[in-house]
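Colleague: Take a look at the following structure, please.
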Amino acid sequence: MDEYTTLAIIAVAALAHASFQLSISMLTLLSSHTIGKKNTHNNLLLRTHAFVIGAGVMTLLLISSLALVLSYIYSATATPLFIWIIGCGLLTGVGISVAIFYYRKEAGTSLWIPRPMARYLSSRTKSTSSSAESFSLGMVSAISEILFTLAPIFIAAFSLVQLHPIWQLVGIAVYTIISLSSLIVVNCLISSGHSISKVQKWREANKRFLQLASGALLIILAVYIYVEHVMLAVALTAAGEI
Amino acid sequence: MDNQQSTGVIKRAGKRATEEFDKNKVFSSVQAACLSVRSPEGDADMIATIVSDLVDLWRSTRYAVTSHDLRRVASDHLKDLAPEAAYLYKHHQLVL
Amino acid sequence: MARKPKFDYNLIVIGSGAAGSPAASIAAQAGKKVAVIEKDVFGGESPNWGDIPIKSLLHAAQLYDEAKLGSRFGIRSNTLGYNFLSLKKWKDTAVRRTGAGNNRNYYEKQGIATFQSPAHFLSPHEISVSRRHLSAEQFLIATGSTWAMPDIPGIKNIRYHTPRTILDISRLPKTLLVLGGAANGLEYSQLFASLGTKVFIIERAARLLPDEDEEAGLLLAKTLSESKGVGVLTESKILSLQKDGLGNRVKYLRGGVEKSFRVDEILVTTGRTPTVDIGLENASVAYTPKGINVNNYLQTSARHIFAAGDVLGTKKHLHTALLESRVVAYNLLHKQKQAVDYTASPNITFTHPGVASAGLSEDDCIKRDLNIKIGLAPLKMIARSNTSDYRDGFVKIIARRDNTVIGGTIVAPHAGEMIHEISLAIKYELTTNEVANTPHAFLSWSEAIRLAAIRAGTG
């Protein structure tokens with residue numbers, strides 16, 4: 001597989017990551033609390049930017065560490081077929097879960113995360129009063145959604161280890177930037193003076209579409225990888241070419 | 001029963017009233033909601049005063065309510081005065 | 001094994017009116033520990049300021065009316081008069097005699113605990129009452145409804161009455177505006193018009209009694225305007241209400257023309273709002289401002305909580321609330337639940353002549369595209385109209401093509417009594433032949449029912 005195809009897989013995985021909403025919800029809450037406490041616009045910018053950077057840093061760390069771990073496994077095993085199958089399974093499972101019950105049935109954009117966890121994150125967001133705290137909050141938001149983001153990160157990380165080291169850096173940058181794209185968009189909207197309620201209303205009005213799109217993207221990625229890496233390898237083995 | 005009637009506020013998952021109704025809390029939360037949608041401070045104060053007065057009037061006929069009730073009544077009144085702020089106020093706990 | 005939770009009561013009934021009282025009594029007689037919560041006057045609306053007071057006054061007013069017109073029968077009525085305060089005393093006597101009005105003892109004698117306080121749900125099994133929290137295994141919400149203030153410019157700045165307050169006035173108004181041309185509005189209009197008040201009725205719909213048969217509404221309008229001098233203003237919209245000295249100025253729009261007039265008092269009967277602000281969200285009970293949602297067994301979305309009566313938001317009479325209360329009591333006490341059967345429940349307007357209907361109306365059948373037969377019998381065709389000297393009015397029976405009776409409307413002096421024959425026919429799916437072949441006494445108003453049945457059968 002060439003570098004561009006691999007980067008494309010990483011980009012699609014990152015796009016799926018970007019469609020998850022926990023970080024965006026926390027950014028919305030953070031902005032709303034910051035403005036509500038009569039903070040200056042500069043403070044708002046500092047905190048929201050710090051949040052986005054924190055989320056980005058954690059995402060970068062996650063994908064890098066997972067790629068490192070996988071690189072040991074990859075070099076140790078004869079064939080990565082088993083790893084690709086795990087990845088496809090993860091993607092399919094997460095894709096179906098997201099498509100079916102990512103959001104709770106009630107109004108708003110409540111996610112299927114444990115309520116005590118949601119309450120804790122909300123109260124932490126409400127009491128954030130400095131950009132350093134916002135940075136940590138951003139990192140926490142990236143970790144909190146690991147159950148859903150693990151699948152695309154896994155696939156992206158395993159795709160990375162097949163690349164030349166220079167291309168690996170490019171891959172990590174692509175993944176991090178694309179996965180942050182939705183956060184960056186929302187941050188830009190809020191920083192430029194858009195109403196938070198309008199942003200939130202849009203999210204609520206389109207949540208089902210986003211949910212289906214997310215799930216579909218993950219499943220499509222899984223199918224592609226399965227066909228490209230697993231079925232092709234099996235076919236070649238059967239034909240005696242491996 | 002006048003507005004001096006004290007009303008217990010039962011917090012989420014609680015069984016007995018955990019605190020007495022405090023009008024200032026309603027005022028602060030409504031004010032924050034209005035400010036978060038970038039309403040001018042004067043407007044936010046005025047709206048928060050009206051809404052907290054109306055909530056106070058509503059609860060004065062009850063001996064115990066839940067925090068959810070107060071939020072619902074406040075957002076119903078806020079909807080007429082500041083629809084954008086009311087949306088955020090109502091969905092505040094439904095964002096995450 | 002999990003222990004069954006302990007509750008203070010087996011059943012708590014919120015509301016002591018017609019929808020709550022029977023269920024409380026039945027459950028108490030079955031040995032359940034029951035409590036009734038009432039925030040207002042025990043007994044609810046009907047005995048205290050609803051059906052009993054108005055119907056007792058209507059009876060007196062009708063006697064006065066009949067006596068005034070007695071000269072055609074050779075009765076002298078030169079010195080006929082009435083005393084308004086004495087009329088009110090009679091009304092209070094009637095209320096007191098029901099035993100249900102403001103009578104907390106009625107419940108306590110049955111071993112039912114009573115609390116006079118607003119109730120508010122705190123959780124699915126707990127309510128706040130006074131300074132106490134009470135818990136129950138099951139609940140019945142029978143909080144009824146209140147008269148709604150219509151959205152008319154200026155109404156908040158004037159003094160107006162609802163049926164709850166109008167009978168407390170100390171003297172008769174010279175002029176009265178009644179907003180709403182449905183049953184309630186017409187009953188009060190007739191009452192005050194009979195006692196000498198100049199009454200105006202304003203109704204948005206094209207006729208009075210818009211939910212009844214068209215001919216019934218038109219006949220009532222004719223009767224009220226010709227014999228009582230009531231100003232019937234249908235297809236009219238009130239533009240504003242303003243204070244005008246001690247009275248009120250009413251501006252309205254009719255036929256594209258704006259007009260105004262002055263009245264002493266205004267009575268609003270245009271609609272009711274179910275009382276649902278009792279913390280239903282805390283109990284996970286689904287509702288809208290128009291009423292609580294229930295299934296056929298009157299269970300709300302929280303299966304251990306039932307609701308009955310006006311709080312459901314559908315147009316109801318007292319007998320329907322009583323029926324629902326009894327069904328709830330049955331469902332509380334039995335595993336196998338019973339659905340409410342509203343078939344043939346009559347609607348009655350206690351004017352003179354009375355208007356009563358049951359089952360489907362002609363309009364209903366047209367909307368549903370049903371193939372029907374109609375039998376119309378004007379009252380002047382029967383002997384009783386001669387001996388009572390009353391010739392207006394009619395009986396209409398609606399039947400399917402196979403002659404099964406499915407609806408009926410009566411406009412007659414005793415419509416409220418007569419309608420039960422048609423209700424029986426509808427409920428037990430009798431045919432027009434079966435109704436017609438049942439002996440009807442000569443000189444009874446019910447002869448018109450037989451005649452209408454014959455005409456429907458041959459239609």
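Just so we're on the same page: first chain in the structure tokens is A, next is B, and so on; residues restart at 1 for each chain, and ligands are numbered from 1 in the order they show up.
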Which residues, written as an MDAnalysis selection string, have at least one atom at most 9 Å from range 82-86 of chain C, with only C-alpha atoms counted and residues fewer than 2 positions away on the same chain left out?

Modeller: chainID C and resid 64 80 88:91 170:172 195

Colleague: Where in range 128-291 of chain C does DSSP assign strand (DSSP E or B), given as a ChimeraX atom specification?

Modeller: /C:128-129,132-141,145-147,161,175-179,198-202,231-233,236-244,247-254,257-263,265-268,272-274,287-288,291

Colleague: Per residue of chain A within 10 Å of chain B, note the shortest atom pair and the distance in Å to one decimal, counting only C-alpha atoms, and order the rows by chain and increasing residue number, as CSV.

Modeller:
residue,atom,partner,partner_atom,distance
A:Gln21,CA,B:Leu96,CA,8.8
A:Leu22,CA,B:Leu96,CA,6.9
A:Ser23,CA,B:Leu96,CA,9.3
A:Ile24,CA,B:Leu96,CA,9.3
A:Ser25,CA,B:Leu96,CA,5.8
A:Met26,CA,B:Leu96,CA,7.0
A:Thr28,CA,B:Val95,CA,8.2
A:Leu29,CA,B:Val95,CA,7.5
A:Ser31,CA,B:Ser36,CA,7.8
A:Ser32,CA,B:Ser36,CA,5.0
A:His33,CA,B:Ser36,CA,6.8
A:Thr34,CA,B:Ser36,CA,7.7
A:Ile35,CA,B:Ser36,CA,4.9
A:Gly36,CA,B:Ala32,CA,4.2
A:Lys37,CA,B:Ala32,CA,6.4
A:Lys38,CA,B:Leu35,CA,7.2
A:Tyr103,CA,B:Leu96,CA,9.6
A:Arg104,CA,B:Leu94,CA,9.4
A:Glu106,CA,B:Leu94,CA,8.1
A:Ala107,CA,B:Leu94,CA,6.9
A:Gly108,CA,B:Leu94,CA,4.9
A:Thr109,CA,B:Val95,CA,4.9
A:Ser110,CA,B:Leu96,CA,4.6
A:Leu111,CA,B:Leu96,CA,6.0
A:Trp112,CA,B:Leu96,CA,9.1
A:Ile113,CA,B:Leu96,CA,8.5
A:Arg115,CA,B:Leu96,CA,9.1
A:Met117,CA,B:Leu96,CA,9.6
A:Ala118,CA,B:Leu96,CA,6.0
A:Arg119,CA,B:Leu96,CA,8.2
A:Leu121,CA,B:Leu96,CA,8.2
A:Ser122,CA,B:Leu96,CA,7.2
A:Gly193,CA,B:Arg38,CA,8.5
A:His194,CA,B:Val37,CA,8.8
A:Ser195,CA,B:Val37,CA,5.7
A:Ile196,CA,B:Val37,CA,6.3
A:Ser197,CA,B:Leu88,CA,5.8
A:Lys198,CA,B:Glu84,CA,7.8
A:Gln200,CA,B:Leu88,CA,8.1
A:Lys201,CA,B:Tyr87,CA,8.3
A:Arg203,CA,B:Val95,CA,9.8
A:Glu204,CA,B:Val95,CA,9.0

Colleague: Can you pull out the residues contacting Pro80 in chain A? Cut-off 12 Å, using only C-alpha atoms, and skip same-chain residues under 2 positions away; I want them as a PyMOL selection string.

Modeller: chain A and resi 70-78+82-87+155+158-159+161-162+229-230+233

Colleague: Rounded to one decimal place, report the CA of Ser192 in chain A-CA of Ile53 in chain A distance in Å.

Modeller: 17.9 Å
